[in-house]
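Peer 1: Data file structure28.cif (mmCIF, C-alpha atoms) is appended below.
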data_protein
#
loop_
_atom_site.group_PDB
_atom_site.id
_atom_site.type_symbol
_atom_site.label_atom_id
_atom_site.label_comp_id
_atom_site.auth_asym_id
_atom_site.auth_seq_id
_atom_site.Cartn_x
_atom_site.Cartn_y
_atom_site.Cartn_z
ATOM 1 C CA MET B 1 30.387 -64.544 32.995
ATOM 2 C CA ALA B 2 27.445 -66.297 31.401
ATOM 3 C CA SER B 3 26.492 -65.577 27.793
ATOM 4 C CA PRO B 4 22.939 -64.270 27.918
ATOM 5 C CA GLN B 5 21.131 -63.488 24.699
ATOM 6 C CA LEU B 6 21.183 -59.931 23.500
ATOM 7 C CA ILE B 7 18.194 -57.973 22.218
ATOM 8 C CA PRO B 8 19.674 -54.801 20.700
ATOM 9 C CA SER B 9 18.046 -51.444 21.125
ATOM 10 C CA HIS B 10 15.959 -50.057 18.275
ATOM 11 C CA SER B 11 17.294 -46.528 17.975
ATOM 12 C CA SER B 12 17.886 -44.214 15.043
ATOM 13 C CA PHE B 13 21.579 -45.074 14.678
ATOM 14 C CA ASN B 14 22.722 -46.372 11.296
ATOM 15 C CA HIS B 15 24.315 -49.523 12.692
ATOM 16 C CA ARG B 16 21.862 -52.235 13.662
ATOM 17 C CA ALA B 17 22.590 -55.532 15.299
ATOM 18 C CA SER B 18 22.145 -58.638 13.207
ATOM 19 C CA ILE B 19 20.311 -60.579 15.911
ATOM 20 C CA ASN B 20 16.647 -61.286 15.285
ATOM 21 C CA PRO B 21 14.645 -60.673 18.495
ATOM 22 C CA ASN B 22 11.995 -63.087 17.260
ATOM 23 C CA SER B 23 14.455 -65.927 17.028
ATOM 24 C CA SER B 24 14.005 -68.770 19.475
ATOM 25 C CA ASN B 25 17.636 -68.507 20.472
ATOM 26 C CA PRO B 26 19.225 -65.123 19.752
ATOM 27 C CA SER B 27 22.555 -65.920 21.375
ATOM 28 C CA LEU B 28 24.960 -63.316 22.653
ATOM 29 C CA SER B 29 27.911 -65.354 21.428
ATOM 30 C CA SER B 30 28.924 -65.484 17.775
ATOM 31 C CA PRO B 31 29.162 -69.008 16.332
ATOM 32 C CA ASN B 32 32.643 -68.278 15.006
ATOM 33 C CA LEU B 33 34.080 -65.924 17.618
ATOM 34 C CA LYS B 34 33.747 -67.177 21.165
ATOM 35 C CA PRO B 35 34.787 -65.227 24.255
ATOM 36 C CA ILE B 36 38.217 -66.373 25.348
ATOM 37 C CA SER B 37 39.448 -65.818 28.851
ATOM 38 C CA LYS B 38 42.920 -64.379 29.237
ATOM 39 C CA PRO B 39 45.361 -67.327 29.168
ATOM 40 C CA SER B 40 48.048 -67.626 31.783
ATOM 41 C CA SER B 41 50.575 -68.851 29.226
ATOM 42 C CA LEU B 42 50.965 -68.478 25.488
ATOM 43 C CA LEU B 43 51.354 -72.246 25.265
ATOM 44 C CA GLN B 44 47.656 -72.504 26.099
ATOM 45 C CA TRP B 45 46.862 -71.047 22.667
ATOM 46 C CA ARG B 46 47.324 -74.462 21.128
ATOM 47 C CA LYS B 47 44.305 -75.656 23.085
ATOM 48 C CA PHE B 48 42.004 -73.262 21.284
ATOM 49 C CA GLN B 49 40.486 -74.595 18.079
ATOM 50 C CA ARG B 50 39.048 -71.337 16.792
ATOM 51 C CA PHE B 51 41.093 -68.280 16.035
ATOM 52 C CA THR B 52 40.315 -65.068 14.292
ATOM 53 C CA SER B 53 41.726 -65.158 10.779
ATOM 54 C CA LEU B 54 42.913 -61.900 9.265
ATOM 55 C CA ARG B 55 41.660 -61.302 5.765
ATOM 56 C CA CYS B 56 40.582 -58.163 3.957
ATOM 57 C CA SER B 57 40.306 -56.717 0.488
ATOM 58 C CA ALA B 58 41.635 -53.313 -0.421
ATOM 59 C CA SER B 59 38.647 -52.885 -2.719
ATOM 60 C CA SER B 60 36.355 -52.998 0.325
ATOM 61 C CA PHE B 61 37.919 -49.861 1.768
ATOM 62 C CA PRO B 62 35.354 -47.009 1.686
ATOM 63 C CA GLU B 63 35.856 -44.447 -1.037
ATOM 64 C CA LYS B 64 35.316 -41.672 1.504
ATOM 65 C CA HIS B 65 38.749 -42.509 2.936
ATOM 66 C CA ARG B 66 40.516 -42.419 -0.432
ATOM 67 C CA MET B 67 41.775 -38.871 -0.209
ATOM 68 C CA ASN B 68 45.062 -37.207 -1.062
ATOM 69 C CA SER B 69 45.017 -34.289 1.311
ATOM 70 C CA ALA B 70 48.193 -32.506 2.308
ATOM 71 C CA LYS B 71 49.865 -34.075 5.318
ATOM 72 C CA SER B 72 50.453 -32.089 8.492
ATOM 73 C CA ASP B 73 53.298 -32.500 10.947
ATOM 74 C CA ASP B 74 51.090 -34.315 13.474
ATOM 75 C CA VAL B 75 49.694 -36.945 11.085
ATOM 76 C CA VAL B 76 49.492 -40.423 12.628
ATOM 77 C CA GLU B 77 49.812 -43.432 10.328
ATOM 78 C CA LEU B 78 48.453 -46.745 11.553
ATOM 79 C CA PRO B 79 48.502 -50.235 9.982
ATOM 80 C CA LEU B 80 45.002 -51.710 9.969
ATOM 81 C CA PHE B 81 43.540 -55.161 10.608
ATOM 82 C CA PRO B 82 39.988 -55.372 9.196
ATOM 83 C CA LEU B 83 38.138 -58.022 11.217
ATOM 84 C CA PRO B 84 34.531 -59.212 11.639
ATOM 85 C CA LEU B 85 34.574 -58.065 15.268
ATOM 86 C CA VAL B 86 34.825 -54.886 17.341
ATOM 87 C CA LEU B 87 37.636 -54.195 19.797
ATOM 88 C CA PHE B 88 36.944 -51.837 22.699
ATOM 89 C CA PRO B 89 39.450 -49.929 24.829
ATOM 90 C CA GLY B 90 40.548 -52.150 27.703
ATOM 91 C CA ALA B 91 39.349 -55.395 26.094
ATOM 92 C CA VAL B 92 41.688 -58.343 25.471
ATOM 93 C CA LEU B 93 41.777 -59.870 21.985
ATOM 94 C CA PRO B 94 43.538 -63.156 21.038
ATOM 95 C CA LEU B 95 44.604 -63.494 17.405
ATOM 96 C CA GLN B 96 46.345 -65.991 15.162
ATOM 97 C CA ILE B 97 48.330 -64.472 12.289
ATOM 98 C CA PHE B 98 48.947 -66.779 9.340
ATOM 99 C CA GLU B 99 48.306 -64.796 6.143
ATOM 100 C CA PHE B 100 51.551 -63.695 4.484
ATOM 101 C CA ARG B 101 50.905 -59.939 4.320
ATOM 102 C CA TYR B 102 49.980 -59.813 7.991
ATOM 103 C CA ARG B 103 53.047 -61.815 8.919
ATOM 104 C CA ILE B 104 54.998 -59.051 7.184
ATOM 105 C CA MET B 105 53.129 -56.541 9.319
ATOM 106 C CA MET B 106 53.940 -58.461 12.478
ATOM 107 C CA HIS B 107 57.659 -58.517 11.733
ATOM 108 C CA THR B 108 57.515 -54.741 11.360
ATOM 109 C CA LEU B 109 55.425 -54.137 14.472
ATOM 110 C CA LEU B 110 57.548 -56.338 16.704
ATOM 111 C CA HIS B 111 60.560 -54.156 15.905
ATOM 112 C CA THR B 112 58.732 -50.836 16.208
ATOM 113 C CA ASP B 113 55.517 -49.762 17.913
ATOM 114 C CA LEU B 114 53.603 -53.000 18.720
ATOM 115 C CA ARG B 115 50.398 -51.093 17.913
ATOM 116 C CA PHE B 116 47.936 -51.497 15.056
ATOM 117 C CA GLY B 117 44.364 -50.559 14.306
ATOM 118 C CA VAL B 118 41.542 -53.089 14.636
ATOM 119 C CA ILE B 119 38.693 -52.019 12.384
ATOM 120 C CA TYR B 120 35.315 -53.737 11.977
ATOM 121 C CA SER B 121 34.518 -55.021 8.495
ATOM 122 C CA ASP B 122 31.859 -57.237 6.961
ATOM 123 C CA ALA B 123 30.728 -58.161 3.476
ATOM 124 C CA GLU B 124 27.663 -55.907 3.623
ATOM 125 C CA THR B 125 29.035 -52.648 5.023
ATOM 126 C CA GLY B 126 32.739 -52.919 4.173
ATOM 127 C CA ILE B 127 35.341 -51.363 6.432
ATOM 128 C CA SER B 128 34.131 -48.986 9.143
ATOM 129 C CA GLY B 129 35.573 -45.521 9.668
ATOM 130 C CA VAL B 130 36.183 -45.854 13.419
ATOM 131 C CA GLY B 131 38.292 -48.461 15.159
ATOM 132 C CA CYS B 132 40.403 -49.156 18.215
ATOM 133 C CA VAL B 133 44.151 -49.492 18.617
ATOM 134 C CA GLY B 134 45.309 -52.961 19.618
ATOM 135 C CA GLU B 135 48.600 -53.152 21.492
ATOM 136 C CA ILE B 136 50.503 -56.442 21.457
ATOM 137 C CA VAL B 137 51.117 -57.449 25.072
ATOM 138 C CA ARG B 138 52.246 -61.028 24.380
ATOM 139 C CA HIS B 139 53.247 -62.893 21.272
ATOM 140 C CA GLU B 140 54.597 -66.267 20.217
ATOM 141 C CA ARG B 141 56.201 -66.953 16.866
ATOM 142 C CA LEU B 142 55.952 -70.525 15.613
ATOM 143 C CA ALA B 143 58.365 -72.441 13.416
ATOM 144 C CA ASP B 144 56.169 -71.937 10.335
ATOM 145 C CA ASP B 145 56.245 -68.149 10.916
ATOM 146 C CA ARG B 146 52.685 -67.959 12.209
ATOM 147 C CA PHE B 147 52.077 -65.795 15.244
ATOM 148 C CA PHE B 148 49.847 -66.123 18.274
ATOM 149 C CA LEU B 149 49.073 -62.752 19.861
ATOM 150 C CA ILE B 150 47.378 -61.307 22.883
ATOM 151 C CA CYS B 151 46.344 -57.721 22.233
ATOM 152 C CA LYS B 152 44.746 -55.132 24.477
ATOM 153 C CA GLY B 153 42.474 -52.343 23.248
ATOM 154 C CA GLN B 154 43.795 -48.828 23.714
ATOM 155 C CA GLU B 155 42.497 -45.534 22.301
ATOM 156 C CA ARG B 156 39.897 -45.177 19.550
ATOM 157 C CA PHE B 157 40.642 -43.595 16.190
ATOM 158 C CA ARG B 158 38.869 -42.268 13.101
ATOM 159 C CA ILE B 159 40.284 -42.904 9.636
ATOM 160 C CA THR B 160 40.980 -39.663 7.749
ATOM 161 C CA ASP B 161 42.976 -40.858 4.751
ATOM 162 C CA LEU B 162 44.213 -44.005 3.048
ATOM 163 C CA VAL B 163 47.998 -44.180 2.699
ATOM 164 C CA ARG B 164 48.344 -47.560 0.958
ATOM 165 C CA THR B 165 46.678 -50.955 0.630
ATOM 166 C CA LYS B 166 49.639 -53.232 -0.141
ATOM 167 C CA PRO B 167 51.047 -55.363 1.287
ATOM 168 C CA TYR B 168 48.563 -54.346 4.022
ATOM 169 C CA ILE B 169 46.367 -51.329 4.684
ATOM 170 C CA VAL B 170 47.914 -48.257 6.279
ATOM 171 C CA ALA B 171 45.763 -45.216 7.029
ATOM 172 C CA GLU B 172 46.092 -41.779 8.540
ATOM 173 C CA VAL B 173 43.967 -41.437 11.671
ATOM 174 C CA ASP B 174 42.767 -38.945 14.241
ATOM 175 C CA TRP B 175 42.281 -39.952 17.860
ATOM 176 C CA LEU B 176 38.701 -40.102 19.093
ATOM 177 C CA GLU B 177 37.661 -39.159 22.640
ATOM 178 C CA ASP B 178 34.324 -38.715 24.370
ATOM 179 C CA ARG B 179 33.105 -35.164 24.766
ATOM 180 C CA PRO B 180 32.948 -33.789 28.333
ATOM 181 C CA SER B 181 29.610 -34.478 29.991
ATOM 182 C CA VAL B 182 27.195 -31.661 30.720
ATOM 183 C CA ASP B 183 26.539 -30.636 34.291
ATOM 184 C CA ASP B 184 23.103 -32.239 34.569
ATOM 185 C CA GLU B 185 24.275 -35.718 33.458
ATOM 186 C CA ASP B 186 24.647 -38.142 36.344
ATOM 187 C CA LEU B 187 27.139 -40.524 34.782
ATOM 188 C CA GLU B 188 27.764 -42.398 38.009
ATOM 189 C CA GLY B 189 24.066 -43.025 38.521
ATOM 190 C CA LEU B 190 23.651 -44.090 34.893
ATOM 191 C CA ALA B 191 26.603 -46.476 35.118
ATOM 192 C CA ASN B 192 25.120 -48.011 38.277
ATOM 193 C CA GLU B 193 21.795 -48.533 36.492
ATOM 194 C CA VAL B 194 23.566 -50.288 33.612
ATOM 195 C CA GLU B 195 25.446 -52.507 36.065
ATOM 196 C CA SER B 196 22.188 -53.424 37.778
ATOM 197 C CA CYS B 197 20.602 -54.356 34.445
ATOM 198 C CA MET B 198 23.624 -56.488 33.555
ATOM 199 C CA LYS B 199 23.381 -58.364 36.845
ATOM 200 C CA ASP B 200 19.685 -59.035 36.270
ATOM 201 C CA VAL B 201 20.344 -60.327 32.752
ATOM 202 C CA ILE B 202 23.148 -62.622 33.909
ATOM 203 C CA ARG B 203 21.117 -63.893 36.858
ATOM 204 C CA LEU B 204 18.016 -64.686 34.781
ATOM 205 C CA SER B 205 20.041 -66.197 31.958
ATOM 206 C CA ASN B 206 21.776 -68.531 34.412
ATOM 207 C CA ARG B 207 18.401 -69.558 35.792
ATOM 208 C CA LEU B 208 17.011 -70.350 32.355
ATOM 209 C CA ASN B 209 20.087 -72.391 31.505
ATOM 210 C CA GLY B 210 19.756 -74.452 34.650
ATOM 211 C CA LYS B 211 22.895 -73.089 36.259
ATOM 212 C CA LEU B 212 23.216 -72.602 39.960
ATOM 213 C CA GLU B 213 21.985 -69.191 41.014
ATOM 214 C CA LYS B 214 24.690 -67.303 42.809
ATOM 215 C CA GLU B 215 25.308 -63.701 43.578
ATOM 216 C CA VAL B 216 26.709 -61.743 40.624
ATOM 217 C CA LYS B 217 29.842 -59.995 41.773
ATOM 218 C CA ASP B 218 30.782 -56.374 41.268
ATOM 219 C CA LEU B 219 30.949 -55.718 37.535
ATOM 220 C CA ARG B 220 32.212 -52.140 37.628
ATOM 221 C CA LYS B 221 35.297 -52.890 39.713
ATOM 222 C CA ASN B 222 35.748 -49.189 40.484
ATOM 223 C CA HIS B 223 35.814 -48.284 36.792
ATOM 224 C CA PHE B 224 34.831 -44.744 35.905
ATOM 225 C CA PRO B 225 31.721 -44.443 33.702
ATOM 226 C CA THR B 226 33.573 -44.138 30.376
ATOM 227 C CA PRO B 227 35.774 -47.266 30.653
ATOM 228 C CA PHE B 228 32.815 -49.116 32.169
ATOM 229 C CA SER B 229 30.706 -48.219 29.124
ATOM 230 C CA PHE B 230 33.422 -49.760 26.915
ATOM 231 C CA PHE B 231 33.445 -52.894 29.083
ATOM 232 C CA VAL B 232 29.677 -53.261 28.732
ATOM 233 C CA GLY B 233 29.922 -52.846 24.962
ATOM 234 C CA SER B 234 32.596 -55.535 24.790
ATOM 235 C CA THR B 235 30.158 -58.058 26.337
ATOM 236 C CA PHE B 236 27.653 -57.623 23.478
ATOM 237 C CA GLU B 237 29.375 -60.309 21.426
ATOM 238 C CA GLY B 238 27.419 -61.683 18.513
ATOM 239 C CA ALA B 239 26.065 -58.215 17.632
ATOM 240 C CA PRO B 240 29.079 -56.521 16.016
ATOM 241 C CA ARG B 241 27.104 -53.752 14.295
ATOM 242 C CA GLU B 242 25.555 -52.784 17.593
ATOM 243 C CA GLN B 243 29.029 -52.836 19.133
ATOM 244 C CA GLN B 244 30.360 -50.672 16.319
ATOM 245 C CA ALA B 245 27.614 -48.121 16.910
ATOM 246 C CA LEU B 246 28.580 -48.005 20.601
ATOM 247 C CA LEU B 247 32.265 -47.629 19.750
ATOM 248 C CA GLU B 248 31.578 -44.691 17.443
ATOM 249 C CA LEU B 249 29.578 -42.697 19.989
ATOM 250 C CA GLU B 250 31.485 -39.713 21.363
ATOM 251 C CA CYS B 251 29.323 -39.306 24.469
ATOM 252 C CA THR B 252 29.583 -41.562 27.517
ATOM 253 C CA ALA B 253 26.026 -40.797 28.620
ATOM 254 C CA ALA B 254 24.617 -41.676 25.190
ATOM 255 C CA ARG B 255 26.579 -44.935 25.160
ATOM 256 C CA LEU B 256 25.383 -45.934 28.630
ATOM 257 C CA LYS B 257 21.781 -45.058 27.773
ATOM 258 C CA ARG B 258 21.873 -47.165 24.639
ATOM 259 C CA GLU B 259 23.405 -50.056 26.551
ATOM 260 C CA LYS B 260 20.744 -49.760 29.248
ATOM 261 C CA GLU B 261 18.005 -49.908 26.617
ATOM 262 C CA THR B 262 19.579 -52.986 25.040
ATOM 263 C CA LEU B 263 19.916 -54.716 28.397
ATOM 264 C CA ARG B 264 16.318 -53.894 29.339
ATOM 265 C CA ASN B 265 15.082 -55.313 26.037
ATOM 266 C CA THR B 266 17.114 -58.426 26.730
ATOM 267 C CA LEU B 267 15.746 -58.651 30.262
ATOM 268 C CA ASN B 268 12.170 -58.397 28.958
ATOM 269 C CA TYR B 269 12.837 -61.226 26.543
ATOM 270 C CA LEU B 270 14.390 -63.397 29.259
ATOM 271 C CA SER B 271 11.491 -62.674 31.604
ATOM 272 C CA ALA B 272 9.026 -63.842 28.951
ATOM 273 C CA ALA B 273 11.112 -66.959 28.319
ATOM 274 C CA SER B 274 11.210 -67.642 32.049
ATOM 275 C CA ALA B 275 7.421 -67.380 32.294
ATOM 276 C CA LEU B 276 7.014 -69.816 29.390
ATOM 277 C CA LYS B 277 9.446 -72.216 30.962
ATOM 278 C CA ASP B 278 7.446 -72.186 34.203
ATOM 279 C CA VAL B 279 4.245 -72.972 32.293
ATOM 280 C CA PHE B 280 5.782 -75.461 29.877
ATOM 281 C CA PRO B 281 8.767 -76.987 31.664
ATOM 282 C CA SER B 282 11.082 -79.041 29.480
ATOM 283 C CA SER B 283 14.668 -80.151 29.371
ATOM 284 C CA ARG B 284 15.686 -78.011 26.398
ATOM 285 C CA ARG B 285 17.571 -74.740 26.772
ATOM 286 C CA TRP B 286 15.467 -71.591 26.594
ATOM 287 C CA VAL B 287 18.318 -69.198 25.796
#
Can you dump the structure from the file as structure tokens?
Peer 2:
Amino acid sequence: MASPQLIPSHSSFNHRASINPNSSNPSLSSPNLKPISKPSSLLQWRKFQRFTSLRCSASSFPEKHRMNSAKSDDVVELPLFPLPLVLFPGAVLPLQIFEFRYRIMMHTLLHTDLRFGVIYSDAETGISGVGCVGEIVRHERLADDRFFLICKGQERFRITDLVRTKPYIVAEVDWLEDRPSVDDEDLEGLANEVESCMKDVIRLSNRLNGKLEKEVKDLRKNHFPTPFSFFVGSTFEGAPREQQALLELECTAARLKREKETLRNTLNYLSAASALKDVFPSSRRWV
């Protein structure tokens, strides 16, 4: 899939995307975290030059999670990876583990559950309160004790309490699910509208980048509206705060509506860029 620029929606949510719509090139792809297609072999990892490094500070953990409430019998404890990215259910995430404390975590996980929590964190907002479970589906341990992983997003969670911060963060979590839709919400129709907007954005972005125009294939692939909304959110790379806002929503309809607004804003921007390119043709990229 092409990487069209993303113009986030301007809603009343607390999380805002860091992309400037007035920029001449608000790219959808982060300069440090590029989309990586699922490799056919773990040996292909050595061909990638950029990997996500795992670093966090216990002091950046929000005080609202530092509680000492009584534990119940159904408490779930989850080791956490704070990262400058957002993992969605169903998405594939490649990681390189080299920091000592996370190598300790990996040795534990590989003999137990193979599941950990991926939680968005940045220098400005600290660690978020909602994340997504990453399940290790493939791994390779190197001679120097580094690990290459392929993880797949599973269920979402909300942090309720901090258990410990050393050698790595472990937190108590509750599972997060979307609320049932109301009778008058046409989720299928809304999902189809979002898919149509995505196709238009991809098509116009390819045109502006001088790529051959070809029919955009089925993007939904028979996904129900909720998993499709997570797929759409996972394509908004380069705007992690916007992605985090989408991940935290507990309503499929609200998530799809916000994604449709973002895609329409992006389409408007691309349409304007296309008109300028027709008037002032040049060899430089417009998106």
Peer 1: Between B:Phe88, B:Phe100, B:Phe236, B:Phe148, single out the one closest to B:Glu248, counting all atoms listed in the file.
Peer 2: B:Phe88
Peer 1: Env of stretch 135-137 of chain B: 7 Å cut, atoms = all atoms listed in the file, seq-sep filter 6 positions within chain, self excluded. Answer as JSON, numbers by chain.
Peer 2: {"B": [114, 115, 116, 149, 150, 151, 152, 153, 154]}
Peer 1: Restricting the output to C-alpha atoms, write the selected residues as a tab-separated table (two decimals), in the coordinates of the input.
Peer 2:
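The file below, selection16.tsv, is the result:
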chain	number	residue	atom	x	y	z
B	114	LEU	CA	53.60	-53.00	18.72
B	115	ARG	CA	50.40	-51.09	17.91
B	116	PHE	CA	47.94	-51.50	15.06
B	149	LEU	CA	49.07	-62.75	19.86
B	150	ILE	CA	47.38	-61.31	22.88
B	151	CYS	CA	46.34	-57.72	22.23
B	152	LYS	CA	44.75	-55.13	24.48
B	153	GLY	CA	42.47	-52.34	23.25
B	154	GLN	CA	43.80	-48.83	23.71
Peer 1: Starting from the displayed file, determine the output of the PyMOL selection byres ((chain B and resi 192) around 12) and express the residue list as a ChimeraX atom specification.
Peer 2: /B:186-191,193-199,218-225,228-229,232,256-257,260
Peer 1: Would you mind reading off the distance between atom CA of B:Arg264 and atom CA of B:Ile202, one decimal, in Å?
Peer 2: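 Computing the Euclidean distance for atom CA of B:Arg264 and atom CA of B:Ile202 yields 12.0 Å.
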Peer 1: Report the distance between atom CA of B:Arg141 and atom CA of B:Ser121 in Å, rounded to one decimal place.
Peer 2: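 Between atom CA of B:Arg141 and atom CA of B:Ser121 the gap works out to 26.1 Å.
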Peer 1: Could you tell me, as a list in words, exactly which residues end up selected when the PyMOL selection byres ((chain B and resi 145) around 9) is applied to this structure?
Peer 2: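 Taken on the displayed file, the PyMOL selection byres ((chain B and resi 145) around 9) yields the residues Ile97, Phe98, Arg103, Arg141, Leu142, Ala143, Asp144, Arg146 and Phe147 of chain B.
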Peer 1: So that I can see what lies close to B:Val118, please list as a ChimeraX atom specification the residues with an atom at most 6 Å from it, counting only C-alpha atoms and leaving out residues fewer than 3 positions away in the same chain.
Peer 2: /B:80-81,131-133
Peer 1: For this file, the PyMOL selection byres ((chain B and resi 247) around 9) selects which residues, as a ChimeraX atom specification?
Peer 2: /B:86-88,130-132,156,230,233,242-246,248-250,255
Peer 1: Any idea what the distance is between atom CA of B:Ser274 and atom CA of B:Arg241?
Peer 2: 27.6 Å
Peer 1: Show which residues sit within 9 Å of B:Asp178, as a PyMOL selection string. Count only C-alpha atoms, and ignore same-chain residues fewer than 2 positions away.
Peer 2: chain B and resi 176+180-181+226+249-252
Peer 1: How would the residues just chosen look if you wrote them out with C-alpha atoms as a PDB file, in the coordinates of the input?
Peer 2:
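Result file is part.pdb:
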ATOM      1  CA  LEU B 176      38.701 -40.102  19.093  1.00  0.00           C
ATOM      2  CA  PRO B 180      32.948 -33.789  28.333  1.00  0.00           C
ATOM      3  CA  SER B 181      29.610 -34.478  29.991  1.00  0.00           C
ATOM      4  CA  THR B 226      33.573 -44.138  30.376  1.00  0.00           C
ATOM      5  CA  LEU B 249      29.578 -42.697  19.989  1.00  0.00           C
ATOM      6  CA  GLU B 250      31.485 -39.713  21.363  1.00  0.00           C
ATOM      7  CA  CYS B 251      29.323 -39.306  24.469  1.00  0.00           C
ATOM      8  CA  THR B 252      29.583 -41.562  27.517  1.00  0.00           C
TER       9      THR B 252
END
Peer 1: When distances are computed from all atoms listed in the file, which of B:Asp174, B:Glu155, B:Asp183, B:Glu259 shows the smallest separation from B:Gly90?
Peer 2: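 Closest to B:Gly90, using all atoms listed in the file: B:Glu155.
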Peer 1: So, counting all atoms listed in the file, which residue among B:Leu204, B:Ala239, B:Asn209, B:Val182 is closest to B:Ala254?
Peer 2: B:Val182
Peer 1: Check the smallest atom-to-atom distance from each of B:Pro89, B:Pro94, B:Gly126, B:Pro79 to B:Thr112 using all atoms listed in the file, then report the winner.
Peer 2: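 With all atoms listed in the file as the atom set, the closest residue is B:Pro79.
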Peer 1: Please provide the set of residues having any atom within 9 Å of B:Arg101, restricted to only C-alpha atoms, with same-chain residues fewer than 6 positions apart removed, written as number ranges by chain.
Peer 2: B: 166-168
Peer 1: When distances are computed from only C-alpha atoms, which of B:Leu78, B:Ala91, B:Ala171, B:Leu267 shows the smallest separation from B:Asp113?
Peer 2: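 Looking at the shortest contact to B:Asp113, the residue is B:Leu78.
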Peer 1: For stretch 175-189 of chain B, which lacks atoms in the input, supply N, CA and C atoms and format the output as a compact mmCIF listing (two decimals), in the coordinates of the input.
Peer 2:
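Resulting contents of result08.txt:
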# COMPACT_ATOMS: atom_id res chain seq x y z
N TRP B 175 42.73 -39.30 16.63
CA TRP B 175 42.28 -39.95 17.86
C TRP B 175 40.88 -39.48 18.23
N LEU B 176 40.10 -40.37 18.78
CA LEU B 176 38.70 -40.10 19.09
C LEU B 176 38.50 -40.21 20.60
N GLU B 177 37.95 -39.15 21.21
CA GLU B 177 37.66 -39.16 22.64
C GLU B 177 36.23 -38.71 22.88
N ASP B 178 35.67 -39.14 24.01
CA ASP B 178 34.32 -38.72 24.37
C ASP B 178 34.33 -37.24 24.75
N ARG B 179 33.26 -36.57 24.38
CA ARG B 179 33.10 -35.16 24.77
C ARG B 179 32.84 -35.06 26.27
N PRO B 180 33.24 -33.97 26.90
CA PRO B 180 32.95 -33.79 28.33
C PRO B 180 31.44 -33.81 28.57
N SER B 181 31.03 -34.40 29.68
CA SER B 181 29.61 -34.48 29.99
C SER B 181 29.10 -33.13 30.46
N VAL B 182 27.82 -32.90 30.25
CA VAL B 182 27.20 -31.66 30.72
C VAL B 182 26.90 -31.79 32.20
N ASP B 183 26.66 -30.66 32.83
CA ASP B 183 26.54 -30.64 34.29
C ASP B 183 25.38 -31.47 34.82
N ASP B 184 24.29 -31.56 34.04
CA ASP B 184 23.10 -32.24 34.57
C ASP B 184 23.10 -33.75 34.30
N GLU B 185 24.20 -34.29 33.73
CA GLU B 185 24.28 -35.72 33.46
C GLU B 185 24.92 -36.44 34.65
N ASP B 186 24.17 -37.35 35.22
CA ASP B 186 24.65 -38.14 36.34
C ASP B 186 25.25 -39.43 35.80
N LEU B 187 26.50 -39.37 35.40
CA LEU B 187 27.14 -40.52 34.78
C LEU B 187 27.30 -41.67 35.77
N GLU B 188 27.61 -41.35 37.01
CA GLU B 188 27.76 -42.40 38.01
C GLU B 188 26.45 -43.15 38.23
N GLY B 189 25.37 -42.40 38.34
CA GLY B 189 24.07 -43.02 38.52
C GLY B 189 23.68 -43.86 37.32
